[in-house]
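Asker: This one is query-v2.txt, compact mmCIF, C-alpha atoms.
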# COMPACT_ATOMS: atom_id res chain seq x y z
CA ASP M 10 15.57 12.79 -7.25
CA GLY M 11 14.75 10.82 -4.13
CA GLY M 12 12.59 7.78 -4.48
CA ILE M 13 12.24 4.06 -4.83
CA THR M 14 13.22 2.12 -7.90
CA GLN M 15 12.20 -1.40 -8.78
CA SER M 16 13.53 -3.53 -11.57
CA PRO M 17 12.64 -5.04 -13.84
CA LYS M 18 9.23 -3.62 -14.67
CA TYR M 19 8.13 -6.89 -16.27
CA LEU M 20 9.55 -10.31 -15.53
CA PHE M 21 8.77 -13.68 -17.03
CA ARG M 22 9.73 -16.87 -15.31
CA LYS M 23 9.54 -20.50 -16.21
CA GLU M 24 8.17 -22.87 -13.65
CA GLY M 25 10.83 -24.16 -11.30
CA GLN M 26 13.07 -21.11 -11.60
CA ASN M 27 14.03 -18.71 -8.86
CA VAL M 28 13.90 -15.01 -9.72
CA THR M 29 15.06 -11.94 -7.82
CA LEU M 30 13.24 -8.62 -7.84
CA SER M 31 15.28 -5.53 -7.12
CA CYS M 32 14.26 -2.68 -4.83
CA GLU M 33 16.46 0.33 -4.11
CA GLN M 34 15.68 3.52 -2.19
CA ASN M 35 17.68 6.71 -1.72
CA LEU M 36 15.35 8.25 0.85
CA ASN M 37 17.52 7.17 3.79
CA HIS M 38 14.54 5.28 5.20
CA ASP M 39 15.08 2.66 7.87
CA ALA M 40 12.13 0.41 7.04
CA MET M 41 11.39 -1.41 3.80
CA TYR M 42 8.52 -3.66 2.76
CA TRP M 43 7.47 -6.07 0.04
CA TYR M 44 3.84 -6.49 -0.95
CA ARG M 45 2.05 -8.71 -3.37
CA GLN M 46 -1.05 -7.55 -5.23
CA ASP M 47 -3.36 -9.90 -7.10
CA PRO M 48 -6.07 -8.67 -9.51
CA GLY M 49 -8.97 -7.08 -7.68
CA GLN M 50 -7.33 -7.51 -4.32
CA GLY M 51 -5.59 -5.37 -1.79
CA LEU M 52 -1.93 -5.51 -0.87
CA ARG M 53 -0.60 -8.39 1.18
CA LEU M 54 2.65 -8.11 3.09
CA ILE M 55 5.35 -10.63 2.18
CA TYR M 56 8.38 -9.47 4.21
CA TYR M 57 9.50 -6.34 5.96
CA SER M 58 12.73 -5.01 7.38
CA GLN M 59 13.04 -2.43 10.13
CA ILE M 60 16.81 -2.14 10.00
CA VAL M 61 19.83 -3.41 8.11
CA ASN M 62 20.57 -7.13 8.59
CA ASP M 63 17.15 -7.74 10.08
CA PHE M 64 13.84 -8.74 8.51
CA GLN M 65 10.58 -10.41 9.50
CA LYS M 66 7.98 -12.49 7.74
CA GLY M 67 4.74 -10.87 6.75
CA ASP M 68 1.42 -12.57 6.13
CA ILE M 69 2.40 -14.57 3.03
CA ALA M 70 6.14 -15.25 3.31
CA GLU M 71 6.08 -18.88 2.18
CA GLY M 72 8.00 -19.35 -1.07
CA TYR M 73 9.80 -16.02 -0.78
CA SER M 74 13.13 -14.90 0.67
CA VAL M 75 14.77 -11.52 1.25
CA SER M 76 18.01 -9.95 2.40
CA ARG M 77 18.89 -6.54 3.81
CA GLU M 78 22.64 -6.15 3.61
CA LYS M 79 22.48 -2.43 2.83
CA LYS M 80 20.10 0.24 4.00
CA GLU M 81 19.27 1.18 0.43
CA SER M 82 18.52 -2.28 -0.91
CA PHE M 83 15.90 -4.93 -0.14
CA PRO M 84 15.80 -7.60 -2.88
CA LEU M 85 13.05 -10.20 -2.98
CA THR M 86 13.62 -13.71 -4.32
CA VAL M 87 10.63 -15.66 -5.54
CA THR M 88 11.57 -19.29 -5.21
CA SER M 89 10.24 -22.35 -6.98
CA ALA M 90 8.42 -23.19 -3.74
CA GLN M 91 5.98 -20.36 -4.39
CA LYS M 92 3.12 -22.19 -6.06
CA ASN M 93 1.35 -19.24 -7.62
CA PRO M 94 3.87 -16.44 -8.13
CA THR M 95 2.15 -14.56 -10.96
CA ALA M 96 1.29 -11.18 -9.44
CA PHE M 97 2.23 -7.53 -9.15
CA TYR M 98 4.97 -6.91 -6.59
CA LEU M 99 5.38 -3.60 -4.84
CA CYS M 100 8.26 -2.45 -2.70
CA ALA M 101 7.84 0.34 -0.17
CA SER M 102 9.86 2.20 2.43
CA SER M 103 9.14 4.41 5.41
CA ILE M 104 11.31 6.62 7.55
CA THR M 105 10.39 4.63 10.63
CA SER M 106 8.87 1.26 11.39
CA ARG M 107 6.81 2.65 14.26
CA GLY M 108 3.60 2.75 12.30
CA SER M 109 3.30 6.50 12.24
CA GLY M 110 4.92 7.28 8.94
CA GLU M 111 3.53 6.91 5.51
CA GLN M 112 5.04 4.35 3.20
CA PHE M 113 6.36 5.37 -0.18
CA PHE M 114 6.04 2.92 -3.01
CA GLY M 115 8.08 1.97 -6.03
CA PRO M 116 6.58 1.51 -9.50
CA GLY M 117 6.23 -2.25 -9.09
CA THR M 118 7.32 -5.40 -10.91
CA ARG M 119 4.82 -7.53 -12.77
CA LEU M 120 5.87 -11.18 -12.60
CA THR M 121 4.39 -13.76 -14.93
CA VAL M 122 5.09 -17.45 -14.76
CA LEU M 123 5.01 -19.13 -18.15
CA ALA U 24 -7.23 -8.19 15.11
CA GLN U 25 -6.88 -5.21 12.84
CA LYS U 26 -8.95 -4.91 9.71
CA VAL U 27 -9.88 -2.42 7.03
CA THR U 28 -13.05 -2.75 5.00
CA GLN U 29 -13.79 -0.92 1.77
CA ALA U 30 -17.23 -2.19 0.94
CA GLN U 31 -17.45 -0.47 -2.44
CA THR U 32 -15.63 -2.60 -4.99
CA GLU U 33 -16.31 -0.36 -7.97
CA ILE U 34 -17.86 3.06 -8.40
CA SER U 35 -18.67 4.74 -11.69
CA VAL U 36 -19.55 8.42 -11.94
CA VAL U 37 -19.81 11.04 -14.62
CA GLU U 38 -17.30 13.85 -14.62
CA LYS U 39 -18.10 16.73 -12.23
CA GLU U 40 -20.10 14.51 -9.90
CA ASP U 41 -19.09 14.28 -6.25
CA VAL U 42 -18.15 10.83 -5.02
CA THR U 43 -17.44 9.39 -1.57
CA LEU U 44 -15.29 6.35 -0.94
CA ASP U 45 -16.02 4.56 2.30
CA CYS U 46 -13.50 3.07 4.70
CA VAL U 47 -14.28 1.30 7.96
CA TYR U 48 -11.53 0.07 10.24
CA GLU U 49 -11.16 -2.17 13.28
CA THR U 50 -8.44 -1.91 15.89
CA ARG U 51 -8.03 -2.21 19.64
CA ASP U 52 -5.11 0.19 19.71
CA THR U 53 -5.74 3.64 21.09
CA THR U 54 -3.00 5.15 18.95
CA TYR U 55 -3.22 4.38 15.29
CA TYR U 56 -2.85 5.97 11.89
CA LEU U 57 -5.07 5.95 8.83
CA PHE U 58 -3.95 6.45 5.27
CA TRP U 59 -5.38 6.82 1.80
CA TYR U 60 -3.45 5.86 -1.30
CA LYS U 61 -4.25 6.23 -4.99
CA GLN U 62 -3.17 3.61 -7.52
CA PRO U 63 -3.45 4.90 -11.09
CA PRO U 64 -3.25 2.49 -14.04
CA SER U 65 0.55 2.76 -13.99
CA GLY U 66 0.48 0.72 -10.77
CA GLU U 67 2.50 2.83 -8.38
CA LEU U 68 0.72 3.73 -5.13
CA VAL U 69 0.59 7.44 -4.44
CA PHE U 70 0.27 8.65 -0.86
CA LEU U 71 -2.68 11.02 -0.32
CA ILE U 72 -3.14 11.56 3.40
CA ARG U 73 -2.28 10.34 6.89
CA ARG U 74 -4.47 10.86 9.94
CA ASN U 75 -3.62 10.24 13.60
CA SER U 76 -6.21 8.66 15.86
CA PHE U 77 -6.15 11.62 18.24
CA ASP U 78 -6.92 14.17 15.54
CA GLU U 79 -10.49 13.99 14.31
CA GLN U 80 -10.44 17.21 12.38
CA ASN U 81 -11.64 16.86 8.85
CA GLU U 82 -9.20 17.84 6.15
CA ILE U 83 -9.61 19.41 2.77
CA SER U 84 -7.02 19.53 0.03
CA GLY U 85 -8.31 21.06 -3.15
CA ARG U 86 -11.07 18.81 -4.47
CA TYR U 87 -10.24 16.11 -1.91
CA SER U 88 -11.65 15.94 1.59
CA TRP U 89 -11.55 13.38 4.36
CA ASN U 90 -14.05 12.72 7.14
CA PHE U 91 -12.62 10.90 10.15
CA GLN U 92 -15.16 9.70 12.74
CA LYS U 93 -13.89 7.57 15.62
CA SER U 94 -17.45 6.94 16.83
CA THR U 95 -18.18 4.94 13.69
CA SER U 96 -14.58 3.84 13.00
CA SER U 97 -14.74 5.40 9.58
CA PHE U 98 -12.36 7.43 7.47
CA ASN U 99 -14.23 8.37 4.31
CA PHE U 100 -12.78 10.12 1.29
CA THR U 101 -14.74 12.52 -0.90
CA ILE U 102 -13.77 13.84 -4.30
CA THR U 103 -15.66 16.93 -5.30
CA ALA U 104 -16.28 17.70 -8.96
CA SER U 105 -14.60 14.50 -10.10
CA GLN U 106 -12.37 14.46 -13.17
CA VAL U 107 -11.32 11.72 -15.55
CA VAL U 108 -7.81 11.86 -14.06
CA ASP U 109 -9.29 10.73 -10.74
CA SER U 110 -9.95 7.30 -12.26
CA ALA U 111 -7.87 4.87 -10.21
CA VAL U 112 -7.99 2.32 -7.45
CA TYR U 113 -8.07 3.89 -4.01
CA PHE U 114 -6.83 2.10 -0.91
CA CYS U 115 -7.48 2.85 2.71
CA ALA U 116 -4.87 1.55 5.18
CA LEU U 117 -4.39 1.27 8.93
CA GLY U 118 -1.12 1.36 10.85
CA SER U 119 -0.20 1.33 14.51
CA VAL U 120 2.85 1.32 16.72
CA SER U 121 1.89 -2.10 18.06
CA ASN U 122 2.00 -3.45 14.50
CA THR U 123 5.63 -2.37 14.00
CA GLY U 124 4.98 -0.19 11.00
CA LYS U 125 3.01 -2.70 9.00
CA LEU U 126 0.03 -1.33 7.14
CA ILE U 127 -3.23 -3.21 6.85
CA PHE U 128 -4.83 -2.40 3.51
CA GLY U 129 -8.44 -2.58 2.48
CA GLN U 130 -9.41 -4.36 -0.71
CA GLY U 131 -9.51 -1.11 -2.63
CA THR U 132 -12.24 0.76 -4.49
CA THR U 133 -11.99 1.16 -8.24
CA LEU U 134 -13.26 4.56 -9.28
CA GLN U 135 -14.14 5.19 -12.89
CA VAL U 136 -14.90 8.74 -13.90
CA LYS U 137 -16.52 8.97 -17.30
CA PRO U 138 -16.32 12.12 -19.44
Taking this structure as input, can you express it in the form of structure tokens?

Answerer:
Amino acid sequence: DGGITQSPKYLFRKEGQNVTLSCEQNLNHDAMYWYRQDPGQGLRLIYYSQIVNDFQKGDIAEGYSVSREKKESFPLTVTSAQKNPTAFYLCASSITSRGSGEQFFGPGTRLTVL
Amino acid sequence: AQKVTQAQTEISVVEKEDVTLDCVYETRDTTYYLFWYKQPPSGELVFLIRRNSFDEQNEISGRYSWNFQKSTSSFNFTITASQVVDSAVYFCALGSVSNTGKLIFGQGTTLQVKP
């Protein structure tokens, strides 16, 4: 089955720790995205990547880092610099980054800081 | 600046009622794309529809229909004969070539369909 997988589904972090959220897609899509969703709010873009070995900051990149070493993978690291990391994180991909294609989403990772 | 507004935060209806979710967008681009997504309680966003700015034809898919009006910058979504399974958060989103594939999402409308 083609799709996007995210792991883990739930993640608990102590303050001061870095954590990495996994995102893998087997859709052969060029573009990948990370969003953050807070309760009662829409999705806000953290980082996006249009092609392997390239990525750009979104609207709320501070405290986060990414890499895109393989087309299929776009992991997100939540660093200790992110002051309020508790949220629902969604990864998405699209066949093109030209704005015309729909984005397909993974099931999400719910991160809680203890 | 690009913006999407979903003024209805929450809507509650009784099963079999029709319901319309509003979406108003702002953009200076002449070529853009509008989307609707459904987010059920499981959390994963499900793609429902994409519309190009140069195609104002309304679309119907089963109980779902979409009304795109460039004159009012609106892309409203109607569910006919709602069902409990329609309960979810619905997001409207805007994309354009000038925005390099990024989608601008509205705040979402939570729809509750009661039996």

Asker: If we count all atoms listed in the file, which residues of chain U reach to within 6 Å of chain M? Please list them as a PyMOL selection string.

Answerer: chain U and resi 67-68+118-120+123-124+129-131

Asker: Would you output that residue set with C-alpha atoms, as a JSON list (two decimals), in the coordinates of the input?

Answerer:
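Writing done, so here's out-v8.json:
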[["chain", "number", "residue", "atom", "x", "y", "z"],
["U", 67, "GLU", "CA", 2.50, 2.83, -8.38],
["U", 68, "LEU", "CA", 0.72, 3.73, -5.13],
["U", 118, "GLY", "CA", -1.12, 1.36, 10.85],
["U", 119, "SER", "CA", -0.20, 1.33, 14.51],
["U", 120, "VAL", "CA", 2.85, 1.32, 16.72],
["U", 123, "THR", "CA", 5.63, -2.37, 14.00],
["U", 124, "GLY", "CA", 4.98, -0.19, 11.00],
["U", 129, "GLY", "CA", -8.44, -2.58, 2.48],
["U", 130, "GLN", "CA", -9.41, -4.36, -0.71],
["U", 131, "GLY", "CA", -9.51, -1.11, -2.63]]

Asker: Within 10 Å of U:Glu38, counting all atoms listed in the file, which residues show up once you throw out same-chain ones fewer than 4 positions away? Write them as a list in words, please.

Answerer: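 Answer for this query is Thr103, Ala104, Ser105, Gln106, Val107, Val108, Asp109, Gln135, Val136, Lys137 and Pro138 of chain U.
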
Asker: Which residues are near M:Ile60? Cut-off 8 Å, all atoms listed in the file, ignore same chain within fewer than 3 positions. Put them as a list in words.

Answerer: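 Everything that qualifies: Asp39, Ala40, Asp63, Phe64, Arg77 and Lys80 of chain M.
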
Asker: Can those selected residues be exported to a file as a compact mmCIF listing (two decimals), in the coordinates of the input so that it contains C-alpha atoms?

Answerer:
# COMPACT_ATOMS: atom_id res chain seq x y z
CA ASP M 39 15.08 2.66 7.87
CA ALA M 40 12.13 0.41 7.04
CA ASP M 63 17.15 -7.74 10.08
CA PHE M 64 13.84 -8.74 8.51
CA ARG M 77 18.89 -6.54 3.81
CA LYS M 80 20.10 0.24 4.00

Asker: Neighbouring residues of stretch 12-23 of chain M were defined as those with any atom within 6 Å, considering only C-alpha atoms; residues of the same chain fewer than 4 positions away were excluded. Please report them as a PyMOL selection string.

Answerer: chain M and resi 31-35+115+118-123

Asker: Pick out the residues sitting within 8 Å of U:Asn99, and hand them over as a PyMOL selection string; count all atoms listed in the file, and ignore anything fewer than 5 positions along from it in its own chain.

Answerer: chain U and resi 43-47+89-91

Asker: May I have the selected residues written with C-alpha atoms, as a PDB file, in the coordinates of the input?

Answerer:
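Once everything was written out, this is out.pdb:
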ATOM      1  CA  THR U  43     -17.440   9.390  -1.570  1.00  0.00           C
ATOM      2  CA  LEU U  44     -15.290   6.350  -0.940  1.00  0.00           C
ATOM      3  CA  ASP U  45     -16.020   4.560   2.300  1.00  0.00           C
ATOM      4  CA  CYS U  46     -13.500   3.070   4.700  1.00  0.00           C
ATOM      5  CA  VAL U  47     -14.280   1.300   7.960  1.00  0.00           C
ATOM      6  CA  TRP U  89     -11.550  13.380   4.360  1.00  0.00           C
ATOM      7  CA  ASN U  90     -14.050  12.720   7.140  1.00  0.00           C
ATOM      8  CA  PHE U  91     -12.620  10.900  10.150  1.00  0.00           C
TER       9      PHE U  91
END

Asker: For U:Ser84, which residue out of U:Ala116, U:Leu71, U:Ile127, U:Ile34 is the nearest one, using all atoms listed in the file?

Answerer: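 For U:Ser84, the nearest of the candidates is U:Leu71.
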
Asker: Stretch 132-134 of chain U: which residues within 9 Å, counting all atoms listed in the file, same-chain residues fewer than 5 positions away excluded, as a list in words?

Answerer: Gly49 of chain M; Gln29, Ala30, Gln31, Thr32, Glu33, Ile34, Ser35, Val36, Leu44, Asp45, Asp109, Ser110, Ala111, Val112, Tyr113, Phe114 and Cys115 of chain U

Asker: Quick one: distance from atom CA of M:Glu24 to atom CA of M:Lys66 in Å, one decimal?

Answerer: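 Going from atom CA of M:Glu24 over to atom CA of M:Lys66, I get 23.8 Å.
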
Asker: Could you work out how far atom CA of U:Asn75 lies from atom CA of U:Ile102, giving the answer in Å with one decimal?

Answerer: 20.9 Å

Asker: To one decimal place in Å, what is the distance between atom CA of U:Lys125 and atom CA of U:Val69?

Answerer: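 These atoms are spaced 17.0 Å apart.
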
Asker: Up to 6 Å from (-10.7, -0.4, 11.8) in the file's coordinates: name the residues, counting all atoms listed in the file, as number ranges by chain.

Answerer: U: 26-27, 47-50, 96

Asker: Any chance you could model N, CA and C atoms for stretch 83-101 of chain U and send them as a PDB file, keeping the file's coordinate frame?

Answerer:
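Produced file out18.pdb, reproduced below:
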ATOM      1  N   ILE U  83      -9.289  19.127   4.163  1.00  0.00           N
ATOM      2  CA  ILE U  83      -9.610  19.410   2.770  1.00  0.00           C
ATOM      3  C   ILE U  83      -8.325  19.788   2.047  1.00  0.00           C
ATOM      4  N   SER U  84      -8.164  19.192   0.873  1.00  0.00           N
ATOM      5  CA  SER U  84      -7.020  19.530   0.030  1.00  0.00           C
ATOM      6  C   SER U  84      -7.511  19.648  -1.397  1.00  0.00           C
ATOM      7  N   GLY U  85      -7.773  20.846  -1.812  1.00  0.00           N
ATOM      8  CA  GLY U  85      -8.310  21.060  -3.150  1.00  0.00           C
ATOM      9  C   GLY U  85      -9.669  20.409  -3.304  1.00  0.00           C
ATOM     10  N   ARG U  86      -9.783  19.494  -4.251  1.00  0.00           N
ATOM     11  CA  ARG U  86     -11.070  18.810  -4.470  1.00  0.00           C
ATOM     12  C   ARG U  86     -11.233  17.606  -3.558  1.00  0.00           C
ATOM     13  N   TYR U  87     -10.210  17.277  -2.791  1.00  0.00           N
ATOM     14  CA  TYR U  87     -10.240  16.110  -1.910  1.00  0.00           C
ATOM     15  C   TYR U  87     -10.582  16.537  -0.484  1.00  0.00           C
ATOM     16  N   SER U  88     -11.389  15.720   0.173  1.00  0.00           N
ATOM     17  CA  SER U  88     -11.650  15.940   1.590  1.00  0.00           C
ATOM     18  C   SER U  88     -11.814  14.598   2.285  1.00  0.00           C
ATOM     19  N   TRP U  89     -11.507  14.607   3.580  1.00  0.00           N
ATOM     20  CA  TRP U  89     -11.550  13.380   4.360  1.00  0.00           C
ATOM     21  C   TRP U  89     -12.338  13.619   5.630  1.00  0.00           C
ATOM     22  N   ASN U  90     -13.188  12.658   5.959  1.00  0.00           N
ATOM     23  CA  ASN U  90     -14.050  12.720   7.140  1.00  0.00           C
ATOM     24  C   ASN U  90     -13.692  11.568   8.060  1.00  0.00           C
ATOM     25  N   PHE U  91     -13.063  11.905   9.187  1.00  0.00           N
ATOM     26  CA  PHE U  91     -12.620  10.900  10.150  1.00  0.00           C
ATOM     27  C   PHE U  91     -13.579  10.919  11.339  1.00  0.00           C
ATOM     28  N   GLN U  92     -14.234   9.793  11.616  1.00  0.00           N
ATOM     29  CA  GLN U  92     -15.160   9.700  12.740  1.00  0.00           C
ATOM     30  C   GLN U  92     -14.817   8.465  13.569  1.00  0.00           C
ATOM     31  N   LYS U  93     -14.256   8.692  14.747  1.00  0.00           N
ATOM     32  CA  LYS U  93     -13.890   7.570  15.620  1.00  0.00           C
ATOM     33  C   LYS U  93     -15.130   6.849  16.120  1.00  0.00           C
ATOM     34  N   SER U  94     -16.231   7.564  16.294  1.00  0.00           N
ATOM     35  CA  SER U  94     -17.450   6.940  16.830  1.00  0.00           C
ATOM     36  C   SER U  94     -17.968   5.839  15.932  1.00  0.00           C
ATOM     37  N   THR U  95     -17.733   5.961  14.648  1.00  0.00           N
ATOM     38  CA  THR U  95     -18.180   4.940  13.690  1.00  0.00           C
ATOM     39  C   THR U  95     -17.000   4.204  13.054  1.00  0.00           C
ATOM     40  N   SER U  96     -15.790   4.471  13.540  1.00  0.00           N
ATOM     41  CA  SER U  96     -14.580   3.840  13.000  1.00  0.00           C
ATOM     42  C   SER U  96     -14.523   3.975  11.482  1.00  0.00           C
ATOM     43  N   SER U  97     -14.732   5.177  11.018  1.00  0.00           N
ATOM     44  CA  SER U  97     -14.740   5.400   9.580  1.00  0.00           C
ATOM     45  C   SER U  97     -13.797   6.530   9.180  1.00  0.00           C
ATOM     46  N   PHE U  98     -13.279   6.419   8.000  1.00  0.00           N
ATOM     47  CA  PHE U  98     -12.360   7.430   7.470  1.00  0.00           C
ATOM     48  C   PHE U  98     -12.657   7.554   5.980  1.00  0.00           C
ATOM     49  N   ASN U  99     -13.729   8.292   5.673  1.00  0.00           N
ATOM     50  CA  ASN U  99     -14.230   8.370   4.310  1.00  0.00           C
ATOM     51  C   ASN U  99     -13.553   9.474   3.502  1.00  0.00           C
ATOM     52  N   PHE U 100     -13.503   9.253   2.216  1.00  0.00           N
ATOM     53  CA  PHE U 100     -12.780  10.120   1.290  1.00  0.00           C
ATOM     54  C   PHE U 100     -13.740  10.623   0.225  1.00  0.00           C
ATOM     55  N   THR U 101     -13.837  11.934   0.077  1.00  0.00           N
ATOM     56  CA  THR U 101     -14.740  12.520  -0.900  1.00  0.00           C
ATOM     57  C   THR U 101     -13.967  13.303  -1.944  1.00  0.00           C
TER      58      THR U 101
END
